Every structure is written in structure tokens, then in C-alpha cells.
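Colleague: File input.pdb below, PDB, C-alpha atoms:
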```pdb
MODEL        1
ATOM      1  CA  GLY M   1     -19.888   9.604  -4.931  1.00  0.00           C
ATOM      2  CA  LEU M   2     -16.436   8.259  -4.174  1.00  0.00           C
ATOM      3  CA  ALA M   3     -14.790  11.549  -5.159  1.00  0.00           C
ATOM      4  CA  ARG M   4     -16.945  13.471  -2.685  1.00  0.00           C
ATOM      5  CA  ALA M   5     -16.123  11.106   0.173  1.00  0.00           C
ATOM      6  CA  LEU M   6     -12.378  11.185  -0.486  1.00  0.00           C
ATOM      7  CA  ALA M   7     -12.422  14.962  -0.947  1.00  0.00           C
ATOM      8  CA  LEU M   8     -13.256  15.277   2.757  1.00  0.00           C
ATOM      9  CA  THR M   9     -10.088  13.343   3.575  1.00  0.00           C
ATOM     10  CA  ASP M  10      -8.033  15.562   1.284  1.00  0.00           C
ATOM     11  CA  GLN M  11      -9.027  18.689   3.181  1.00  0.00           C
ATOM     12  CA  LYS M  12      -6.915  17.359   6.037  1.00  0.00           C
ATOM     13  CA  LEU M  13      -4.324  15.317   4.163  1.00  0.00           C
ATOM     14  CA  GLY M  14      -3.391  17.417   1.136  1.00  0.00           C
ATOM     15  CA  GLN M  15      -4.530  17.585  -2.470  1.00  0.00           C
ATOM     16  CA  ARG M  16      -4.817  14.718  -4.941  1.00  0.00           C
ATOM     17  CA  SER M  17      -3.281  14.809  -8.406  1.00  0.00           C
ATOM     18  CA  ALA M  18      -5.399  15.057 -11.565  1.00  0.00           C
ATOM     19  CA  VAL M  19      -4.675  11.387 -12.286  1.00  0.00           C
ATOM     20  CA  GLU M  20      -5.869  10.333  -8.829  1.00  0.00           C
ATOM     21  CA  MET M  21      -9.062  12.371  -9.206  1.00  0.00           C
ATOM     22  CA  GLY M  22      -9.713  10.837 -12.632  1.00  0.00           C
ATOM     23  CA  VAL M  23      -9.376   7.343 -11.200  1.00  0.00           C
ATOM     24  CA  ILE M  24     -11.653   8.260  -8.292  1.00  0.00           C
ATOM     25  CA  ARG M  25     -14.337   9.622 -10.645  1.00  0.00           C
ATOM     26  CA  MET M  26     -14.157   6.488 -12.818  1.00  0.00           C
ATOM     27  CA  LEU M  27     -14.390   4.140  -9.831  1.00  0.00           C
ATOM     28  CA  SER M  28     -17.203   6.209  -8.354  1.00  0.00           C
ATOM     29  CA  GLU M  29     -19.291   5.860 -11.485  1.00  0.00           C
ATOM     30  CA  VAL M  30     -18.688   2.101 -11.672  1.00  0.00           C
ATOM     31  CA  PHE M  31     -18.968   1.000  -8.042  1.00  0.00           C
ATOM     32  CA  CYS M  32     -20.796   3.556  -5.919  1.00  0.00           C
ATOM     33  CA  ARG M  33     -24.385   4.567  -5.583  1.00  0.00           C
ATOM     34  CA  PRO M  34     -24.893   8.329  -5.518  1.00  0.00           C
ATOM     35  CA  PRO M  35     -24.620   9.565  -1.914  1.00  0.00           C
ATOM     36  CA  SER M  36     -26.983  12.013  -0.328  1.00  0.00           C
ATOM     37  CA  ASP M  37     -25.741  15.564  -0.602  1.00  0.00           C
ATOM     38  CA  PRO M  38     -23.852  16.140   1.747  1.00  0.00           C
ATOM     39  CA  PRO M  39     -23.068  12.753   3.321  1.00  0.00           C
ATOM     40  CA  PRO M  40     -25.240  12.091   6.376  1.00  0.00           C
ATOM     41  CA  PRO M  41     -23.649  12.243   9.822  1.00  0.00           C
ATOM     42  CA  ALA M  42     -21.861   9.048  10.797  1.00  0.00           C
ATOM     43  CA  GLN M  43     -24.016   6.432  12.505  1.00  0.00           C
ATOM     44  CA  VAL M  44     -20.934   4.316  13.239  1.00  0.00           C
ATOM     45  CA  VAL M  45     -17.290   5.245  13.744  1.00  0.00           C
ATOM     46  CA  LEU M  46     -15.089   2.400  12.506  1.00  0.00           C
ATOM     47  CA  LEU M  47     -11.838   2.470  14.494  1.00  0.00           C
ATOM     48  CA  LEU M  48      -9.045   0.652  12.702  1.00  0.00           C
ATOM     49  CA  GLY M  49      -7.051  -1.436  15.164  1.00  0.00           C
ATOM     50  CA  GLY M  50      -3.366  -0.913  15.684  1.00  0.00           C
ATOM     51  CA  SER M  51      -1.770   0.297  18.852  1.00  0.00           C
ATOM     52  CA  LEU M  52      -3.684   0.769  22.098  1.00  0.00           C
ATOM     53  CA  ARG M  53      -2.675   4.455  22.113  1.00  0.00           C
ATOM     54  CA  ARG M  54      -4.125   5.021  18.620  1.00  0.00           C
ATOM     55  CA  GLU M  55      -7.366   3.260  19.504  1.00  0.00           C
ATOM     56  CA  LEU M  56      -7.921   5.263  22.697  1.00  0.00           C
ATOM     57  CA  LEU M  57      -7.083   8.562  20.960  1.00  0.00           C
ATOM     58  CA  CYS M  58      -9.485   7.691  18.133  1.00  0.00           C
ATOM     59  CA  ALA M  59     -12.248   6.771  20.614  1.00  0.00           C
ATOM     60  CA  ALA M  60     -11.828  10.125  22.382  1.00  0.00           C
ATOM     61  CA  ALA M  61     -11.788  11.997  19.049  1.00  0.00           C
ATOM     62  CA  ALA M  62     -14.928  10.117  17.984  1.00  0.00           C
ATOM     63  CA  GLY M  63     -16.613  11.233  21.204  1.00  0.00           C
ATOM     64  CA  ARG M  64     -15.884  14.852  20.300  1.00  0.00           C
ATOM     65  CA  ARG M  65     -16.627  14.687  16.553  1.00  0.00           C
ATOM     66  CA  CYS M  66     -19.446  12.117  16.388  1.00  0.00           C
ATOM     67  CA  PRO M  67     -21.009  12.124  19.865  1.00  0.00           C
ATOM     68  CA  ARG M  68     -24.041  10.040  18.870  1.00  0.00           C
ATOM     69  CA  ALA M  69     -22.303   7.462  16.656  1.00  0.00           C
ATOM     70  CA  ALA M  70     -21.695   3.902  17.815  1.00  0.00           C
ATOM     71  CA  LEU M  71     -18.057   2.757  17.970  1.00  0.00           C
ATOM     72  CA  LEU M  72     -16.815  -0.358  16.204  1.00  0.00           C
ATOM     73  CA  LEU M  73     -13.175  -1.364  16.717  1.00  0.00           C
ATOM     74  CA  SER M  74     -11.872  -3.647  14.002  1.00  0.00           C
ATOM     75  CA  SER M  75      -9.220  -6.029  15.358  1.00  0.00           C
ATOM     76  CA  GLY M  76      -7.508  -3.901  17.931  1.00  0.00           C
ATOM     77  CA  CYS M  77      -5.805  -4.076  21.298  1.00  0.00           C
ATOM     78  CA  ALA M  78      -8.398  -2.267  23.421  1.00  0.00           C
ATOM     79  CA  ASP M  79     -11.497  -3.853  24.861  1.00  0.00           C
ATOM     80  CA  ALA M  80     -14.984  -2.323  24.776  1.00  0.00           C
ATOM     81  CA  ALA M  81     -14.726  -0.996  28.354  1.00  0.00           C
ATOM     82  CA  GLU M  82     -11.463   0.880  27.619  1.00  0.00           C
ATOM     83  CA  LEU M  83     -12.950   2.434  24.477  1.00  0.00           C
ATOM     84  CA  ALA M  84     -16.152   3.412  26.270  1.00  0.00           C
ATOM     85  CA  ALA M  85     -14.128   5.093  29.045  1.00  0.00           C
ATOM     86  CA  ALA M  86     -12.013   7.034  26.511  1.00  0.00           C
ATOM     87  CA  ARG M  87     -15.154   8.132  24.673  1.00  0.00           C
ATOM     88  CA  ALA M  88     -16.963   9.071  27.897  1.00  0.00           C
ATOM     89  CA  SER M  89     -14.101  11.424  28.812  1.00  0.00           C
ATOM     90  CA  CYS M  90     -15.445  13.825  26.175  1.00  0.00           C
ATOM     91  CA  ALA M  91     -18.102  16.271  27.317  1.00  0.00           C
ATOM     92  CA  GLY M  92     -21.351  15.730  25.456  1.00  0.00           C
ATOM     93  CA  ALA M  93     -20.577  12.237  24.192  1.00  0.00           C
ATOM     94  CA  ALA M  94     -23.707  10.098  24.316  1.00  0.00           C
ATOM     95  CA  ASP M  95     -23.832   6.633  25.820  1.00  0.00           C
ATOM     96  CA  VAL M  96     -23.644   4.536  22.633  1.00  0.00           C
ATOM     97  CA  PRO M  97     -22.819   0.935  21.788  1.00  0.00           C
ATOM     98  CA  VAL M  98     -19.106   0.100  21.708  1.00  0.00           C
ATOM     99  CA  LEU M  99     -18.308  -3.106  19.831  1.00  0.00           C
ATOM    100  CA  VAL M 100     -15.078  -4.975  19.094  1.00  0.00           C
ATOM    101  CA  ASP M 101     -14.769  -7.215  16.024  1.00  0.00           C
ATOM    102  CA  CYS M 102     -11.671  -9.436  15.845  1.00  0.00           C
ATOM    103  CA  ARG M 103     -11.940 -10.891  12.310  1.00  0.00           C
ATOM    104  CA  ALA M 104      -9.626  -8.464  10.463  1.00  0.00           C
ATOM    105  CA  VAL M 105      -5.943  -9.074   9.872  1.00  0.00           C
ATOM    106  CA  ASP M 106      -5.040  -5.985   7.778  1.00  0.00           C
ATOM    107  CA  THR M 107      -6.440  -2.732   6.385  1.00  0.00           C
ATOM    108  CA  VAL M 108      -8.538  -4.366   3.653  1.00  0.00           C
ATOM    109  CA  THR M 109     -10.096  -6.902   5.997  1.00  0.00           C
ATOM    110  CA  ASN M 110     -10.820  -4.111   8.517  1.00  0.00           C
ATOM    111  CA  PHE M 111     -13.578  -3.235   6.053  1.00  0.00           C
ATOM    112  CA  THR M 112     -14.485  -6.520   4.317  1.00  0.00           C
ATOM    113  CA  SER M 113     -15.020  -8.289   7.641  1.00  0.00           C
ATOM    114  CA  VAL M 114     -17.660  -5.797   8.855  1.00  0.00           C
ATOM    115  CA  VAL M 115     -19.249  -4.152   5.792  1.00  0.00           C
ATOM    116  CA  GLU M 116     -21.924  -6.776   5.232  1.00  0.00           C
ATOM    117  CA  ASP M 117     -22.904  -6.636   8.923  1.00  0.00           C
ATOM    118  CA  LEU M 118     -23.121  -2.833   8.725  1.00  0.00           C
ATOM    119  CA  ALA M 119     -25.268  -2.971   5.579  1.00  0.00           C
ATOM    120  CA  ALA M 120     -27.540  -5.649   7.070  1.00  0.00           C
ATOM    121  CA  GLY M 121     -27.938  -3.461  10.167  1.00  0.00           C
ATOM    122  CA  GLY M 122     -29.151  -0.554   8.043  1.00  0.00           C
ATOM    123  CA  VAL M 123     -26.109   1.640   8.622  1.00  0.00           C
ATOM    124  CA  ALA M 124     -26.111   4.433   6.034  1.00  0.00           C
ATOM    125  CA  SER M 125     -22.976   6.353   7.008  1.00  0.00           C
ATOM    126  CA  VAL M 126     -19.618   5.441   8.567  1.00  0.00           C
ATOM    127  CA  SER M 127     -16.679   7.566   9.659  1.00  0.00           C
ATOM    128  CA  ILE M 128     -13.235   5.943   9.494  1.00  0.00           C
ATOM    129  CA  ALA M 129     -10.932   6.627  12.457  1.00  0.00           C
ATOM    130  CA  THR M 130      -7.207   5.881  12.396  1.00  0.00           C
ATOM    131  CA  ASP M 131      -3.768   7.410  12.748  1.00  0.00           C
ATOM    132  CA  ARG M 132      -2.949  10.344  10.453  1.00  0.00           C
ATOM    133  CA  SER M 133      -0.152   8.382   8.738  1.00  0.00           C
ATOM    134  CA  HIS M 134      -2.599   5.582   7.862  1.00  0.00           C
ATOM    135  CA  ALA M 135      -5.611   7.762   7.016  1.00  0.00           C
ATOM    136  CA  ARG M 136      -5.145   8.165   3.257  1.00  0.00           C
ATOM    137  CA  ARG M 137      -4.795   4.440   2.485  1.00  0.00           C
ATOM    138  CA  ALA M 138      -7.627   3.641   4.892  1.00  0.00           C
ATOM    139  CA  ALA M 139      -9.866   6.249   3.223  1.00  0.00           C
ATOM    140  CA  TRP M 140      -9.216   4.873  -0.272  1.00  0.00           C
ATOM    141  CA  VAL M 141      -9.826   1.260   0.727  1.00  0.00           C
ATOM    142  CA  GLY M 142     -12.735   2.008   3.035  1.00  0.00           C
ATOM    143  CA  THR M 143     -14.524   4.197   0.532  1.00  0.00           C
ATOM    144  CA  LEU M 144     -14.275   1.579  -2.216  1.00  0.00           C
ATOM    145  CA  ILE M 145     -15.629  -1.176   0.014  1.00  0.00           C
ATOM    146  CA  LEU M 146     -18.245   0.776   1.968  1.00  0.00           C
ATOM    147  CA  CYS M 147     -19.656   2.607  -1.062  1.00  0.00           C
ATOM    148  CA  SER M 148     -19.979  -0.686  -2.939  1.00  0.00           C
ATOM    149  CA  GLN M 149     -22.551  -1.698  -0.300  1.00  0.00           C
ATOM    150  CA  GLY M 150     -24.393   1.645  -0.363  1.00  0.00           C
ATOM    151  CA  ILE M 151     -22.782   3.000   2.808  1.00  0.00           C
ATOM    152  CA  ALA M 152     -21.650   6.626   2.665  1.00  0.00           C
ATOM    153  CA  VAL M 153     -18.302   7.629   4.130  1.00  0.00           C
ATOM    154  CA  ALA M 154     -18.640  10.593   6.471  1.00  0.00           C
ATOM    155  CA  GLU M 155     -15.770  12.897   7.390  1.00  0.00           C
ATOM    156  CA  PRO M 156     -12.836  10.772   8.567  1.00  0.00           C
ATOM    157  CA  ILE M 157     -11.253  11.074  11.990  1.00  0.00           C
ATOM    158  CA  SER M 158      -7.470  11.048  12.066  1.00  0.00           C
ATOM    159  CA  VAL M 159      -5.309  11.415  15.151  1.00  0.00           C
ATOM    160  CA  ASP M 160      -1.605  11.874  15.679  1.00  0.00           C
ATOM    161  CA  SER M 161      -0.661   8.921  17.857  1.00  0.00           C
ATOM    162  CA  GLY M 162       3.045   9.226  17.174  1.00  0.00           C
ATOM    163  CA  GLU M 163       3.054   6.155  14.913  1.00  0.00           C
ATOM    164  CA  VAL M 164       5.193   6.327  11.811  1.00  0.00           C
ATOM    165  CA  LEU M 165       3.825   3.887   9.266  1.00  0.00           C
ATOM    166  CA  CYS M 166       5.364   3.123   5.888  1.00  0.00           C
ATOM    167  CA  GLU M 167       2.494   4.168   3.640  1.00  0.00           C
ATOM    168  CA  SER M 168       3.950   3.967   0.142  1.00  0.00           C
ATOM    169  CA  ALA M 169       1.960   4.571  -3.026  1.00  0.00           C
ATOM    170  CA  LEU M 170       2.606   0.945  -3.987  1.00  0.00           C
ATOM    171  CA  ARG M 171       1.081  -0.298  -0.739  1.00  0.00           C
ATOM    172  CA  THR M 172      -1.965   1.920  -1.276  1.00  0.00           C
ATOM    173  CA  LEU M 173      -2.336   0.709  -4.863  1.00  0.00           C
ATOM    174  CA  ARG M 174      -2.020  -2.926  -3.750  1.00  0.00           C
ATOM    175  CA  ASP M 175      -4.742  -2.517  -1.138  1.00  0.00           C
ATOM    176  CA  CYS M 176      -7.019  -0.611  -3.543  1.00  0.00           C
ATOM    177  CA  LEU M 177      -6.669  -3.455  -6.061  1.00  0.00           C
ATOM    178  CA  ARG M 178      -7.495  -5.953  -3.300  1.00  0.00           C
ATOM    179  CA  ALA M 179     -10.551  -3.845  -2.389  1.00  0.00           C
ATOM    180  CA  LEU M 180     -11.708  -3.769  -6.014  1.00  0.00           C
ATOM    181  CA  LEU M 181     -11.232  -7.537  -6.255  1.00  0.00           C
ATOM    182  CA  TRP M 182     -13.415  -7.933  -3.160  1.00  0.00           C
ATOM    183  CA  VAL M 183     -16.084  -5.624  -4.649  1.00  0.00           C
ATOM    184  CA  ALA M 184     -16.056  -7.553  -7.942  1.00  0.00           C
ATOM    185  CA  CYS M 185     -15.777 -11.162  -6.683  1.00  0.00           C
ATOM    186  CA  GLY M 186     -15.831 -11.283  -2.890  1.00  0.00           C
ATOM    187  CA  TRP M 187     -12.125 -12.198  -2.602  1.00  0.00           C
ATOM    188  CA  HIS M 188      -9.653  -9.999  -0.737  1.00  0.00           C
ATOM    189  CA  LEU M 189      -6.431 -12.048  -0.988  1.00  0.00           C
ATOM    190  CA  GLY M 190      -5.723 -11.507   2.712  1.00  0.00           C
ATOM    191  CA  TRP M 191      -2.230 -12.208   3.972  1.00  0.00           C
TER     192      TRP M 191
ENDMDL
END
```
As C-alpha cells, please, write out the structure in this file.
Modeller:
Amino acid sequence: GLARALALTDQKLGQRSAVEMGVIRMLSEVFCRPPSDPPPPAQVVLLLGGSLRRELLCAAAAGRRCPRAALLLSSGCADAAELAAARASCAGAADVPVLVDCRAVDTVTNFTSVVEDLAAGGVASVSIATDRSHARRAAWVGTLILCSQGIAVAEPISVDSGEVLCESALRTLRDCLRALLWVACGWHLGW
């Protein structure tokens, strides 16, 4: 389950090592319910907050790639009207709900703060939208957390907003461990 979701990310971001794939398969068997085959289209696009430019580019990309999916911005700079206008600039984008949630303080809490609301709302599939330099860590963390609640991860949306983020393997590992801690006990050790 988890391996399939992250494989979609790898088509755009490069290939994973054999060790990474082994870890993904192990975590998938432990934490994730089997997804439908292939993952259903995204019902919600989760935009990870950051810079206003990234958020508006992601909203426009979501309008092109997932024209019927609702938008949910997790702790960003833009307001719902700005995101709706960016999305509406895309031909064929449907008029969908645009929501802003301000509870997150980092990548892990971008997911832990909204996943229970998504599950309670019956959301079956989410696409993660962020900057290309942040996409791999976001995909790892998001897939662990979303799959643990039975929510499939659809094809991610990554944009080039010009941001250069320090996305080290250690930072990714740290956030994956925090995500696993949240899945196991409900703690995320936010800082």
C-alpha cells in the first residue's frame, strides 16, 4: 500500500534505493490498509503551507490536475479567497470548497492536525501539494500518517516555486520517526 503511493512520487523525484523500498514494504504491511488498485482520484488536495508563492502555484496546479478536488491549505500564508482565485484561473477547474486550517507548525503536524477530520469526513483519497524540494519528505510523512487512517495517497502535486529547502536524509528520517510515533501513540513531538 505505502510502496504504491510513494512509487508515484518517485516517478517525478527519482528512484529509491533497495533499502528504502524494503523499509517502505515493511511499514506498508504494518501500518496501511490495502489501497484500491489504482488509488482513487483525489477528493482533497492538501496544500502544505510555506510561502505565498508556493501556495498559489500549488492551488493553480491543483486546478489543472485535480479539477474536482477540494483544497485544504495547512497553515499557510494565503487566505481562502486567494487560493480560490488561483484555482479558478485554470480552465475546467470546478467550483469546490477551499479551506484553510491553521493548526500545523511543521511538516508532520501538516498531516496530524487534519487527518482525523479528513477520515471523519469520509475522505478516501488525498493528493499532497508542495514545492518540489519538499515533496519527498512530505510524501513519506504524509503517506505514513494518511494511510494509517485508511486514506489513500493519490499522485502528488509538486511545483517549482524557486524555494531551496534543506531536505537532508536526517531530517526526513526524523520526521518519519515522528510520524510513526504519532501512528503508534498519538504523539508527534512537535517543535
Colleague: What's the separation between atom CA of M:Gln43 and atom CA of M:Cys66, in Å to one decimal place?
Modeller: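 Separation between atom CA of M:Gln43 and atom CA of M:Cys66: 8.3 Å.
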Colleague: To one decimal place in Å, what is the distance between atom CA of M:Gly63 and atom CA of M:Cys166?
Modeller: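 Straight-line distance from atom CA of M:Gly63 to atom CA of M:Cys166 works out to 28.0 Å.
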Colleague: For the file shown, report as a list in words the outcome of the PyMOL selection byres ((chain M and resi 141-148) around 7) at residue level.
Modeller: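 Output from the PyMOL selection byres ((chain M and resi 141-148) around 7), applied to this file: Leu2, Phe31, Cys32, Arg33, Val108, Phe111, Thr112, Val115, Arg137, Ala138, Ala139, Trp140, Gln149, Gly150, Ile151, Ala152, Val153, Asp175, Cys176, Ala179 and Val183 of chain M.
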Colleague: Keeping C-alpha atoms for every residue in the selection just given, could you write it to a file as a compact mmCIF listing (two decimals), in the coordinates of the input?
Modeller:
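As written to disk, result_14.txt reads:
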```
# COMPACT_ATOMS: atom_id res chain seq x y z
CA LEU M 2 -16.44 8.26 -4.17
CA PHE M 31 -18.97 1.00 -8.04
CA CYS M 32 -20.80 3.56 -5.92
CA ARG M 33 -24.38 4.57 -5.58
CA VAL M 108 -8.54 -4.37 3.65
CA PHE M 111 -13.58 -3.24 6.05
CA THR M 112 -14.48 -6.52 4.32
CA VAL M 115 -19.25 -4.15 5.79
CA ARG M 137 -4.80 4.44 2.48
CA ALA M 138 -7.63 3.64 4.89
CA ALA M 139 -9.87 6.25 3.22
CA TRP M 140 -9.22 4.87 -0.27
CA GLN M 149 -22.55 -1.70 -0.30
CA GLY M 150 -24.39 1.64 -0.36
CA ILE M 151 -22.78 3.00 2.81
CA ALA M 152 -21.65 6.63 2.66
CA VAL M 153 -18.30 7.63 4.13
CA ASP M 175 -4.74 -2.52 -1.14
CA CYS M 176 -7.02 -0.61 -3.54
CA ALA M 179 -10.55 -3.84 -2.39
CA VAL M 183 -16.08 -5.62 -4.65
```
Colleague: Out of M:Leu170, M:Leu48, M:Leu180, M:Leu165, which residue has the shortest atom-to-atom distance to M:Asp106 when counting only C-alpha atoms?
Modeller: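 Selected residue with least distance to M:Asp106: M:Leu48.
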Colleague: Decode the PyMOL selection byres ((chain M and resi 129) around 10) for the given file into explicit residues and return them as an MDAnalysis selection string.
Modeller: chainID M and resid 45:49 54:55 57:59 61:62 71:73 126:128 130:132 134:135 138:139 155:159
Colleague: Work out how far apart atom CA of M:Ala81 and atom CA of M:Ala124 are and give it in Å to one decimal.
Modeller: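 Those two atoms sit 25.6 Å apart.
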Colleague: How would you write, as a count of residues only, the residues chosen by the PyMOL selection byres ((chain M and resi 96-99) around 7) on this structure?
Modeller: 12
Colleague: Which residue gives the smallest distance to M:Asn110 among M:Ser89, M:Ser125, M:Ser74, M:Ser133, with all atoms listed in the file counted?
Modeller: M:Ser74
Colleague: How big is the axis-aligned box around the listed atoms of stretch 116-135 of chain M once 6 Å is added on each side, and where is its centre? Give both in Å to one decimal, as JSON.
Modeller:
```
{"center_x": -14.7, "center_y": 1.8, "center_z": 9.0, "size_x": 41.0, "size_y": 29.1, "size_z": 19.5}
```
Colleague: Here is a test: counting all atoms listed in the file, which residue of M:Arg136, M:Arg171, M:Arg53, M:His188 is nearest to M:Gly76?
Modeller: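 Closest to M:Gly76 of all the choices is M:Arg53.
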